[in-house]
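Shown below: run-v3.txt, with compact mmCIF, C-alpha atoms.
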```txt
# COMPACT_ATOMS: atom_id res chain seq x y z
CA THR A 1 45.27 91.96 101.66
CA LYS A 2 42.04 90.01 101.90
CA GLY A 3 42.03 86.83 99.86
CA LYS A 4 45.57 87.25 98.61
CA ALA A 5 49.08 86.01 99.40
CA CYS A 6 51.73 88.59 100.18
CA LEU A 7 55.52 88.29 100.13
CA ALA A 8 58.03 90.81 101.50
CA GLY A 9 61.79 90.53 101.48
CA SER A 10 64.90 92.57 102.21
CA VAL A 11 68.60 91.96 101.58
CA SER A 12 71.57 93.85 103.03
CA ILE A 13 75.11 93.02 101.81
CA ASN A 14 78.10 95.01 103.05
CA LYS A 15 81.80 94.32 102.51
CA THR A 16 85.05 96.19 103.12
CA ASN A 17 88.44 95.11 101.75
CA ASN A 18 90.76 97.95 102.73
CA GLU A 19 94.54 97.97 102.55
CA THR A 20 96.38 100.41 104.80
CA GLN A 21 100.18 100.75 104.81
CA ALA A 22 102.73 102.95 106.55
CA TYR A 23 106.41 102.19 106.05
CA LEU A 24 110.03 103.20 105.63
CA HIS A 25 111.79 101.22 102.91
CA ASN A 26 115.39 101.50 101.73
CA SER A 27 115.77 104.76 103.65
CA SER A 28 118.24 106.51 105.95
CA ILE A 29 116.81 108.58 108.81
CA SER A 30 118.94 110.52 111.30
CA GLY A 31 118.96 113.68 113.43
CA VAL A 32 115.44 113.09 114.79
CA ASN A 33 114.06 112.63 118.29
CA LYS A 34 111.39 110.00 117.60
CA VAL A 35 110.38 107.83 114.69
CA ASN A 36 106.76 106.63 114.57
CA VAL A 37 105.51 104.43 111.74
CA GLN A 38 101.79 103.87 112.32
CA ALA A 39 99.01 102.33 110.23
CA GLU A 40 95.42 102.07 111.48
CA ASP A 41 92.06 100.88 110.14
CA LYS A 42 88.79 101.77 111.87
CA SER A 43 86.05 100.22 109.76
CA ILE A 44 82.46 99.94 111.00
CA ILE A 45 79.48 98.22 109.40
CA GLN A 46 75.99 98.97 110.71
CA SER A 47 73.32 96.94 108.93
CA ILE A 48 69.53 96.66 109.25
CA ALA A 49 67.35 94.38 107.11
CA GLY A 50 63.61 94.17 107.81
CA ALA A 51 60.54 92.70 106.12
CA LEU A 52 56.82 92.71 106.94
CA ALA A 53 54.16 90.82 104.96
CA PHE A 54 50.41 90.62 105.73
CA GLY A 55 48.10 88.64 103.49
CA GLY A 56 44.57 87.31 103.57
CA LYS A 57 45.50 83.74 102.63
CA ALA A 58 49.25 83.82 103.26
CA GLY A 59 51.94 86.21 104.43
CA VAL A 60 55.64 85.48 104.02
CA GLY A 61 58.44 87.75 105.26
CA LEU A 62 62.13 87.16 104.51
CA SER A 63 65.23 89.13 105.55
CA PHE A 64 68.91 88.46 104.87
CA ALA A 65 72.11 90.25 105.88
CA TRP A 66 75.69 89.42 104.94
CA ASN A 67 78.42 91.60 106.44
CA GLU A 68 82.13 91.06 105.88
CA LEU A 69 85.27 92.90 106.99
CA ALA A 70 88.53 91.71 105.40
CA ASN A 71 91.12 94.44 105.84
CA ASP A 72 94.93 94.42 105.64
CA VAL A 73 96.99 96.78 107.81
CA TRP A 74 100.79 96.94 107.52
CA ALA A 75 103.36 99.03 109.36
CA PHE A 76 107.04 98.30 108.82
CA ILE A 77 110.61 99.45 108.51
CA SER A 78 112.51 97.44 105.91
CA ASP A 79 116.07 97.62 104.60
CA SER A 80 116.56 100.99 106.30
CA ASP A 81 118.86 102.76 108.78
CA VAL A 82 117.24 104.81 111.54
CA ASP A 83 119.02 106.90 114.19
CA ALA A 84 116.60 108.38 116.77
CA ALA A 85 117.56 110.13 120.01
CA SER A 86 114.46 108.74 121.78
CA THR A 87 112.11 105.97 120.59
CA VAL A 88 111.43 103.99 117.43
CA THR A 89 107.85 102.72 117.13
CA VAL A 90 106.23 100.54 114.47
CA ASP A 91 102.52 100.17 115.14
CA ALA A 92 99.78 98.43 113.12
CA THR A 93 96.28 98.59 114.59
CA THR A 94 92.90 97.31 113.40
CA ASP A 95 89.75 98.35 115.27
CA ASN A 96 86.70 96.97 113.46
CA SER A 97 83.07 96.30 114.35
CA ILE A 98 79.87 94.92 112.84
CA ASP A 99 76.39 95.72 114.18
CA SER A 100 73.65 93.81 112.38
CA ILE A 101 69.89 93.51 112.89
CA THR A 102 67.69 91.34 110.67
CA ALA A 103 63.97 90.97 111.32
CA ALA A 104 61.05 89.44 109.42
CA ILE A 105 57.32 89.14 110.13
CA GLY A 106 54.80 87.16 108.14
CA ALA A 107 51.11 87.38 109.06
CA SER A 108 47.82 86.18 107.57
CA LYS A 109 44.14 85.82 108.38
CA GLU A 110 43.60 82.45 106.76
CA THR A 111 45.83 79.58 105.59
CA MET A 112 49.43 80.18 106.64
CA ALA A 113 52.13 82.65 107.63
CA ALA A 114 55.90 82.24 107.53
CA ALA A 115 58.95 84.35 108.35
CA ALA A 116 62.68 83.72 108.08
CA SER A 117 65.68 85.82 109.09
CA VAL A 118 69.36 85.14 108.37
CA SER A 119 72.38 87.13 109.58
CA ILE A 120 75.95 86.22 108.51
CA ASN A 121 78.84 88.28 109.90
CA THR A 122 82.55 87.62 109.41
CA ILE A 123 85.77 89.49 110.21
CA SER A 124 89.04 88.24 108.70
CA ASN A 125 91.69 90.94 109.03
CA THR A 126 95.46 90.75 108.69
CA THR A 127 97.46 93.10 110.91
CA THR A 128 101.25 93.09 110.57
CA ALA A 129 104.07 95.14 112.11
CA TYR A 130 107.77 94.41 111.64
CA ILE A 131 111.35 95.62 111.36
CA SER A 132 113.26 93.73 108.69
CA GLY A 133 116.79 93.97 107.40
CA LYS A 134 118.99 97.08 107.28
CA LYS A 135 120.44 99.41 104.66
CA SER A 136 124.01 99.40 105.99
CA ALA A 137 125.87 98.20 109.05
CA ALA A 138 124.16 100.92 111.12
CA GLY A 139 120.65 99.41 111.26
CA ILE A 140 118.31 100.79 113.95
CA ASP A 141 119.80 102.98 116.71
CA ALA A 142 117.36 104.13 119.40
CA GLY A 143 118.12 106.21 122.48
CA ASN A 144 115.19 105.16 124.63
CA GLY A 145 113.35 102.09 123.40
CA VAL A 146 112.00 100.18 120.40
CA LEU A 147 108.38 99.02 120.09
CA VAL A 148 106.92 96.77 117.40
CA ASN A 149 103.19 96.41 118.01
CA ALA A 150 100.45 94.62 116.04
CA GLN A 151 96.93 94.78 117.48
CA ASP A 152 93.46 93.74 116.36
CA ASP A 153 90.19 94.56 118.14
CA SER A 154 87.16 92.98 116.45
CA ASP A 155 83.55 93.22 117.68
CA ILE A 156 80.38 91.64 116.29
CA PHE A 157 76.84 92.25 117.54
CA ALA A 158 74.11 90.40 115.63
CA ILE A 159 70.37 89.91 116.12
CA ALA A 160 68.20 87.74 113.86
CA GLY A 161 64.47 87.62 114.65
CA SER A 162 61.39 86.24 112.92
CA LEU A 163 57.68 85.78 113.62
CA GLY A 164 55.13 83.86 111.57
CA ALA A 165 51.58 84.42 112.87
CA SER A 166 48.38 83.11 111.30
CA ALA A 167 44.79 83.05 112.44
CA GLY A 168 44.38 80.02 110.19
CA LYS A 169 46.21 76.71 109.98
CA VAL A 170 50.01 77.17 110.06
CA GLY A 171 52.53 79.67 111.44
CA VAL A 172 56.27 79.20 110.88
CA GLY A 173 59.23 81.23 112.12
CA ALA A 174 62.95 80.53 111.57
CA SER A 175 66.10 82.51 112.44
CA VAL A 176 69.81 81.93 111.84
CA ALA A 177 72.79 83.94 113.11
CA TRP A 178 76.36 83.06 112.12
CA SER A 179 79.28 85.13 113.50
CA GLU A 180 82.99 84.46 113.05
CA THR A 181 86.39 86.11 113.45
CA SER A 182 89.48 84.66 111.77
CA ASN A 183 92.15 87.32 112.13
CA ILE A 184 95.91 87.13 111.68
CA VAL A 185 98.06 89.35 113.91
CA ASP A 186 101.83 89.28 113.48
CA ALA A 187 104.65 91.33 115.04
CA SER A 188 108.32 90.62 114.39
CA ILE A 189 111.93 91.72 114.16
CA GLU A 190 113.48 89.65 111.39
CA ASN A 191 115.77 89.05 108.44
CA SER A 192 119.11 90.28 109.80
CA ALA A 193 117.68 93.43 111.36
CA ASP A 194 120.20 95.08 113.69
CA ILE A 195 118.73 96.85 116.74
CA ASP A 196 120.95 98.90 119.08
CA ASN A 197 119.01 100.41 122.00
CA ALA A 198 120.91 102.62 124.46
CA SER A 199 118.21 102.89 127.15
CA GLY A 200 114.72 101.53 127.84
CA ASP A 201 113.28 98.30 126.47
CA VAL A 202 112.80 96.50 123.19
CA THR A 203 109.26 95.13 122.90
CA VAL A 204 107.69 92.97 120.20
CA GLN A 205 104.02 92.36 120.91
CA ALA A 206 100.97 91.02 119.10
CA SER A 207 97.47 91.00 120.55
CA SER A 208 93.95 90.12 119.47
CA ASP A 209 90.70 90.91 121.30
CA SER A 210 87.52 89.50 119.72
CA GLN A 211 84.11 90.14 121.28
CA ILE A 212 81.04 88.49 119.73
CA GLU A 213 77.42 88.65 120.85
CA ALA A 214 74.76 86.93 118.74
CA ILE A 215 71.03 86.40 119.32
CA ALA A 216 68.68 84.32 117.16
CA ALA A 217 64.98 84.28 118.08
CA ALA A 218 61.97 82.84 116.27
CA GLY A 219 58.25 82.57 116.89
CA GLY A 220 55.40 80.66 115.27
CA ILE A 221 51.74 81.31 116.09
CA ALA A 222 48.75 79.60 114.45
CA GLY A 223 45.27 78.17 115.04
CA LYS A 224 46.31 74.57 114.26
CA ALA A 225 50.08 74.13 113.79
CA ALA A 226 52.87 76.40 114.95
CA ILE A 227 56.52 75.76 114.12
CA SER A 228 59.58 77.75 115.10
CA GLY A 229 63.34 77.21 115.07
CA SER A 230 66.47 79.22 115.71
CA PHE A 231 70.19 78.64 115.26
CA SER A 232 73.13 80.71 116.48
CA ALA A 233 76.78 79.82 115.80
CA VAL A 234 79.78 81.81 117.03
CA GLN A 235 83.45 80.99 116.55
CA THR A 236 86.90 82.57 116.68
CA ASN A 237 89.84 81.26 114.67
CA ASN A 238 92.52 83.89 115.26
CA THR A 239 96.26 83.47 114.75
CA VAL A 240 98.49 85.68 116.90
CA LYS A 241 102.30 85.63 116.57
CA ALA A 242 105.21 87.64 117.98
CA ASN A 243 108.76 86.70 117.17
CA VAL A 244 112.40 87.59 116.65
CA LYS A 245 113.79 85.46 113.83
CA ASN A 246 116.01 84.94 110.80
CA LEU A 247 119.34 86.22 112.16
CA ALA A 248 117.99 89.39 113.75
CA GLN A 249 120.41 91.00 116.25
CA ILE A 250 119.27 92.98 119.29
CA ASN A 251 121.52 94.87 121.70
CA THR A 252 119.55 96.61 124.45
CA ALA A 253 120.31 98.19 127.81
CA GLY A 254 116.86 97.24 129.11
CA LYS A 255 114.55 94.26 128.69
CA LEU A 256 113.67 92.34 125.57
CA THR A 257 110.00 91.33 125.64
CA VAL A 258 108.34 89.18 122.98
CA SER A 259 104.66 88.52 123.70
CA ALA A 260 101.52 87.27 121.95
CA GLU A 261 98.03 87.37 123.44
CA ASP A 262 94.61 86.31 122.19
CA THR A 263 91.47 87.27 124.12
CA ALA A 264 87.96 86.21 123.08
CA GLY A 265 84.56 86.95 124.60
CA ILE A 266 81.58 85.03 123.22
CA ARG A 267 77.89 85.18 124.01
CA SER A 268 75.43 83.22 121.87
CA ILE A 269 71.67 82.93 122.50
CA ALA A 270 69.09 80.99 120.47
CA GLY A 271 65.44 80.85 121.45
CA ASN A 272 62.07 80.05 119.92
CA VAL A 273 58.39 80.01 120.82
CA ALA A 274 55.54 78.10 119.17
CA LEU A 275 51.93 78.74 120.20
```

So, in terms of structure tokens, how does the structure I just supplied come out?
Amino acid sequence: TKGKACLAGSVSINKTNNETQAYLHNSSISGVNKVNVQAEDKSIIQSIAGALAFGGKAGVGLSFAWNELANDVWAFISDSDVDAASTVTVDATTDNSIDSITAAIGASKETMAAAASVSINTISNTTTAYISGKKSAAGIDAGNGVLVNAQDDSDIFAIAGSLGASAGKVGVGASVAWSETSNIVDASIENSADIDNASGDVTVQASSDSQIEAIAAAGGIAGKAAISGSFSAVQTNNTVKANVKNLAQINTAGKLTVSAEDTAGIRSIAGNVAL
């Protein structure tokens, strides 16, 4: 507006704190072909925050997004006896993603224009699968294999952009993108569990796959002074464990495999232009 200062702002805050459980506890199961205990979380956050301000003397645009996934997924057999003719499977899976876009534009005809954009995205899930203890001396009897699997797949895609453009003295643009995964993935056979497998393999596996792509871009345009800055930080701090412990006993005709794997893909771009 001619002769006036204008301010526009937007805020987007999204959080999930789910708890998902599937389990057999203090139970006796027999006369079945397969036993599958499966828990799964598929949470998605899609966030857009945008602001546009145009003023005669000054225009200031601000946008902010904070997205957080912190889910717990548990699949387990505890203090139970299971007799299955084929397979026994305990599977905990988390498949989460965040897609975030924050954008701000500040424009003016006269004195100054400024824009700032901030995007914060974090994923901190706990995914656990285990067989623990037994109800009697029988424990777990499987005809064709036992699988304990804990898996987390976490993806973040974030864009933070800003442009401050003034026909007058000063134009300022600033953007910040922060993206982080800190997941815990744990698979185990433990606490005096007794596994008797007639054929096939016994597998305990934990895996994490984190993919993060973040872009921060800023622009400043002005007749006399233009300033722009951008910052993008990406990090993964995952803990992945697979183990057989605490007096667990395993008797199998095939292989025993205990494996843990952490895979991370990171792409971070920060750029700015001042004219």

* Hey, what's within 8 Å of segment 191-193 of chain A if we count only C-alpha atoms and toss same-chain stuff fewer than 3 positions away? As a PyMOL selection string, please? -> chain A and resi 131-134+139-140+245-249

* Leaving out Ser43 of chain A and any residue of its chain fewer than 3 positions from it, which residues lie within 9 Å of it when counting all atoms listed in the file, given as an MDAnalysis selection string? -> chainID A and resid 16 18 69 71 94:98

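The coordinates place atom CA of Ile212 of chain A at 28.7 Å from atom CA of Gly106 of chain A.
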
Quick one: residues within 10 Å of segment 257-259 of chain A, all atoms listed in the file, excluding same-chain residues fewer than 3 positions away - as a tab-separated table (two decimals) with C-alpha atoms, keeping the file's coordinate frame?
```
chain	number	residue	atom	x	y	z
A	147	LEU	CA	108.38	99.02	120.09
A	148	VAL	CA	106.92	96.77	117.40
A	149	ASN	CA	103.19	96.41	118.01
A	187	ALA	CA	104.65	91.33	115.04
A	188	SER	CA	108.32	90.62	114.39
A	189	ILE	CA	111.93	91.72	114.16
A	201	ASP	CA	113.28	98.30	126.47
A	202	VAL	CA	112.80	96.50	123.19
A	203	THR	CA	109.26	95.13	122.90
A	204	VAL	CA	107.69	92.97	120.20
A	205	GLN	CA	104.02	92.36	120.91
A	206	ALA	CA	100.97	91.02	119.10
A	207	SER	CA	97.47	91.00	120.55
A	240	VAL	CA	98.49	85.68	116.90
A	241	LYS	CA	102.30	85.63	116.57
A	242	ALA	CA	105.21	87.64	117.98
A	243	ASN	CA	108.76	86.70	117.17
A	244	VAL	CA	112.40	87.59	116.65
A	254	GLY	CA	116.86	97.24	129.11
```

* Could you name the residues that touch Ser28 of chain A at 6 Å or less, counting only C-alpha atoms, but leaving out those on the same chain fewer than 5 positions away, as a PyMOL selection string? -> chain A and resi 80-82

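Nearest to Leu163 of chain A of all the residues A:Gly59, A:Gly219, A:Gly143, A:Gly200 is A:Gly219, counting all atoms listed in the file.
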
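Interatomic distance, atom CA of Ile120 of chain A against atom CA of Gly229 of chain A: 16.8 Å.
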
Using the file's own x, y and z axes, what box holds all listed atoms of segment 138-148 of chain A with 4 Å on each side, keeping edges along x, y and z, and what are its centre and edge lengths in Å to one decimal, as JSON?
```
{"center_x": 115.5, "center_y": 101.5, "center_z": 117.9, "size_x": 25.2, "size_y": 17.4, "size_z": 21.5}
```

* **Sphere at (86.8, 80.3, 119.9), radius 12 Å, counting all atoms listed in the file: residues as a ChimeraX atom specification** => /A:179-183,209-212,233-239,262-268

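Atom CA of Ser119 of chain A lies 11.4 Å from atom CA of Ile156 of chain A.
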
* Of the candidates A:Ile13, A:Ile250, A:Cys6, A:Val185, which one gets nearest to Ser154 of chain A if we count all atoms listed in the file? -> A:Val185

* Between A:Ser175, A:Ser166, A:Gln38, A:Ser78, single out the one closest to Gln151 of chain A, counting all atoms listed in the file. => A:Gln38

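Within 6 Å of the file-frame point (92.3, 90.9, 108.1), and using only C-alpha atoms, the polymer residues found are Ala70, Asn71, Asp72, Ser124, Asn125, Thr126 and Asn183 of chain A.
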
* Skipping near chain neighbours, those fewer than 3 positions away, what residues fall within 9 Å of Ser232 of chain A using all atoms listed in the file, listed as a VMD selection string? -> chain A and resid 160 175 to 179 214 to 216 268 to 270

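Nearest residue to Thr127 of chain A among A:Ile184, A:Ile45, A:Ala8, A:Ala274 is A:Ile184, counting all atoms listed in the file.
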
Fix up segment 244-255 of chain A with all heavy atoms, then write it as a PDB file, in the coordinates of the input.
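Saved file part04.pdb follows:
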```pdb
ATOM      1  N   VAL A 244     111.117  87.078 117.132  1.00  0.00           N
ATOM      2  CA  VAL A 244     112.400  87.590 116.650  1.00  0.00           C
ATOM      3  C   VAL A 244     113.039  86.426 115.912  1.00  0.00           C
ATOM      4  O   VAL A 244     113.242  85.348 116.490  1.00  0.00           O
ATOM      5  CB  VAL A 244     113.293  88.065 117.814  1.00  0.00           C
ATOM      6  CG1 VAL A 244     114.659  88.498 117.287  1.00  0.00           C
ATOM      7  CG2 VAL A 244     112.626  89.213 118.567  1.00  0.00           C
ATOM      8  N   LYS A 245     113.396  86.617 114.621  1.00  0.00           N
ATOM      9  CA  LYS A 245     113.790  85.460 113.830  1.00  0.00           C
ATOM     10  C   LYS A 245     114.722  85.839 112.683  1.00  0.00           C
ATOM     11  O   LYS A 245     114.960  87.027 112.413  1.00  0.00           O
ATOM     12  CB  LYS A 245     112.537  84.766 113.260  1.00  0.00           C
ATOM     13  CG  LYS A 245     111.702  85.633 112.335  1.00  0.00           C
ATOM     14  CD  LYS A 245     110.446  84.900 111.869  1.00  0.00           C
ATOM     15  CE  LYS A 245     109.626  85.758 110.923  1.00  0.00           C
ATOM     16  NZ  LYS A 245     108.401  85.071 110.457  1.00  0.00           N
ATOM     17  N   ASN A 246     115.218  84.814 112.035  1.00  0.00           N
ATOM     18  CA  ASN A 246     116.010  84.940 110.800  1.00  0.00           C
ATOM     19  C   ASN A 246     117.212  85.868 110.967  1.00  0.00           C
ATOM     20  O   ASN A 246     117.360  86.870 110.259  1.00  0.00           O
ATOM     21  CB  ASN A 246     115.121  85.407 109.642  1.00  0.00           C
ATOM     22  CG  ASN A 246     114.024  84.419 109.300  1.00  0.00           C
ATOM     23  OD1 ASN A 246     114.087  83.256 109.695  1.00  0.00           O
ATOM     24  ND2 ASN A 246     113.009  84.877 108.592  1.00  0.00           N
ATOM     25  N   LEU A 247     118.057  85.551 111.961  1.00  0.00           N
ATOM     26  CA  LEU A 247     119.340  86.220 112.160  1.00  0.00           C
ATOM     27  C   LEU A 247     119.218  87.680 112.590  1.00  0.00           C
ATOM     28  O   LEU A 247     120.145  88.472 112.384  1.00  0.00           O
ATOM     29  CB  LEU A 247     120.202  86.129 110.884  1.00  0.00           C
ATOM     30  CG  LEU A 247     120.496  84.706 110.365  1.00  0.00           C
ATOM     31  CD1 LEU A 247     121.307  84.777 109.083  1.00  0.00           C
ATOM     32  CD2 LEU A 247     121.215  83.879 111.418  1.00  0.00           C
ATOM     33  N   ALA A 248     118.112  88.040 113.205  1.00  0.00           N
ATOM     34  CA  ALA A 248     117.990  89.390 113.750  1.00  0.00           C
ATOM     35  C   ALA A 248     118.903  89.538 114.970  1.00  0.00           C
ATOM     36  O   ALA A 248     119.046  88.609 115.777  1.00  0.00           O
ATOM     37  CB  ALA A 248     116.547  89.676 114.144  1.00  0.00           C
ATOM     38  N   GLN A 249     119.511  90.724 115.127  1.00  0.00           N
ATOM     39  CA  GLN A 249     120.410  91.000 116.250  1.00  0.00           C
ATOM     40  C   GLN A 249     119.856  92.155 117.071  1.00  0.00           C
ATOM     41  O   GLN A 249     119.491  93.194 116.513  1.00  0.00           O
ATOM     42  CB  GLN A 249     121.800  91.349 115.741  1.00  0.00           C
ATOM     43  CG  GLN A 249     122.463  90.240 114.932  1.00  0.00           C
ATOM     44  CD  GLN A 249     123.861  90.626 114.494  1.00  0.00           C
ATOM     45  OE1 GLN A 249     124.689  91.045 115.305  1.00  0.00           O
ATOM     46  NE2 GLN A 249     124.135  90.502 113.203  1.00  0.00           N
ATOM     47  N   ILE A 250     119.808  91.955 118.394  1.00  0.00           N
ATOM     48  CA  ILE A 250     119.270  92.980 119.290  1.00  0.00           C
ATOM     49  C   ILE A 250     120.254  93.210 120.429  1.00  0.00           C
ATOM     50  O   ILE A 250     120.617  92.274 121.152  1.00  0.00           O
ATOM     51  CB  ILE A 250     117.901  92.563 119.845  1.00  0.00           C
ATOM     52  CG1 ILE A 250     116.890  92.398 118.701  1.00  0.00           C
ATOM     53  CG2 ILE A 250     117.391  93.590 120.852  1.00  0.00           C
ATOM     54  CD1 ILE A 250     115.546  91.887 119.133  1.00  0.00           C
ATOM     55  N   ASN A 251     120.662  94.457 120.596  1.00  0.00           N
ATOM     56  CA  ASN A 251     121.520  94.870 121.700  1.00  0.00           C
ATOM     57  C   ASN A 251     120.778  95.954 122.470  1.00  0.00           C
ATOM     58  O   ASN A 251     120.564  97.061 121.957  1.00  0.00           O
ATOM     59  CB  ASN A 251     122.856  95.408 121.166  1.00  0.00           C
ATOM     60  CG  ASN A 251     123.770  95.864 122.283  1.00  0.00           C
ATOM     61  OD1 ASN A 251     123.641  95.427 123.438  1.00  0.00           O
ATOM     62  ND2 ASN A 251     124.689  96.766 121.963  1.00  0.00           N
ATOM     63  N   THR A 252     120.356  95.658 123.698  1.00  0.00           N
ATOM     64  CA  THR A 252     119.550  96.610 124.450  1.00  0.00           C
ATOM     65  C   THR A 252     120.028  96.722 125.890  1.00  0.00           C
ATOM     66  O   THR A 252     120.436  95.725 126.509  1.00  0.00           O
ATOM     67  CB  THR A 252     118.060  96.206 124.442  1.00  0.00           C
ATOM     68  OG1 THR A 252     117.308  97.143 125.219  1.00  0.00           O
ATOM     69  CG2 THR A 252     117.839  94.807 124.994  1.00  0.00           C
ATOM     70  N   ALA A 253     119.937  97.958 126.415  1.00  0.00           N
ATOM     71  CA  ALA A 253     120.310  98.190 127.810  1.00  0.00           C
ATOM     72  C   ALA A 253     119.203  97.733 128.761  1.00  0.00           C
ATOM     73  O   ALA A 253     119.460  97.458 129.934  1.00  0.00           O
ATOM     74  CB  ALA A 253     120.594  99.674 128.037  1.00  0.00           C
ATOM     75  N   GLY A 254     117.985  97.662 128.271  1.00  0.00           N
ATOM     76  CA  GLY A 254     116.860  97.240 129.110  1.00  0.00           C
ATOM     77  C   GLY A 254     116.412  95.837 128.781  1.00  0.00           C
ATOM     78  O   GLY A 254     117.208  94.970 128.412  1.00  0.00           O
ATOM     79  N   LYS A 255     115.117  95.598 128.908  1.00  0.00           N
ATOM     80  CA  LYS A 255     114.550  94.260 128.690  1.00  0.00           C
ATOM     81  C   LYS A 255     114.203  94.041 127.223  1.00  0.00           C
ATOM     82  O   LYS A 255     113.863  94.972 126.495  1.00  0.00           O
ATOM     83  CB  LYS A 255     113.288  94.096 129.540  1.00  0.00           C
ATOM     84  CG  LYS A 255     113.496  94.131 131.028  1.00  0.00           C
ATOM     85  CD  LYS A 255     112.181  93.854 131.757  1.00  0.00           C
ATOM     86  CE  LYS A 255     111.133  94.918 131.459  1.00  0.00           C
ATOM     87  NZ  LYS A 255     109.876  94.695 132.217  1.00  0.00           N
TER      88      LYS A 255
END
```
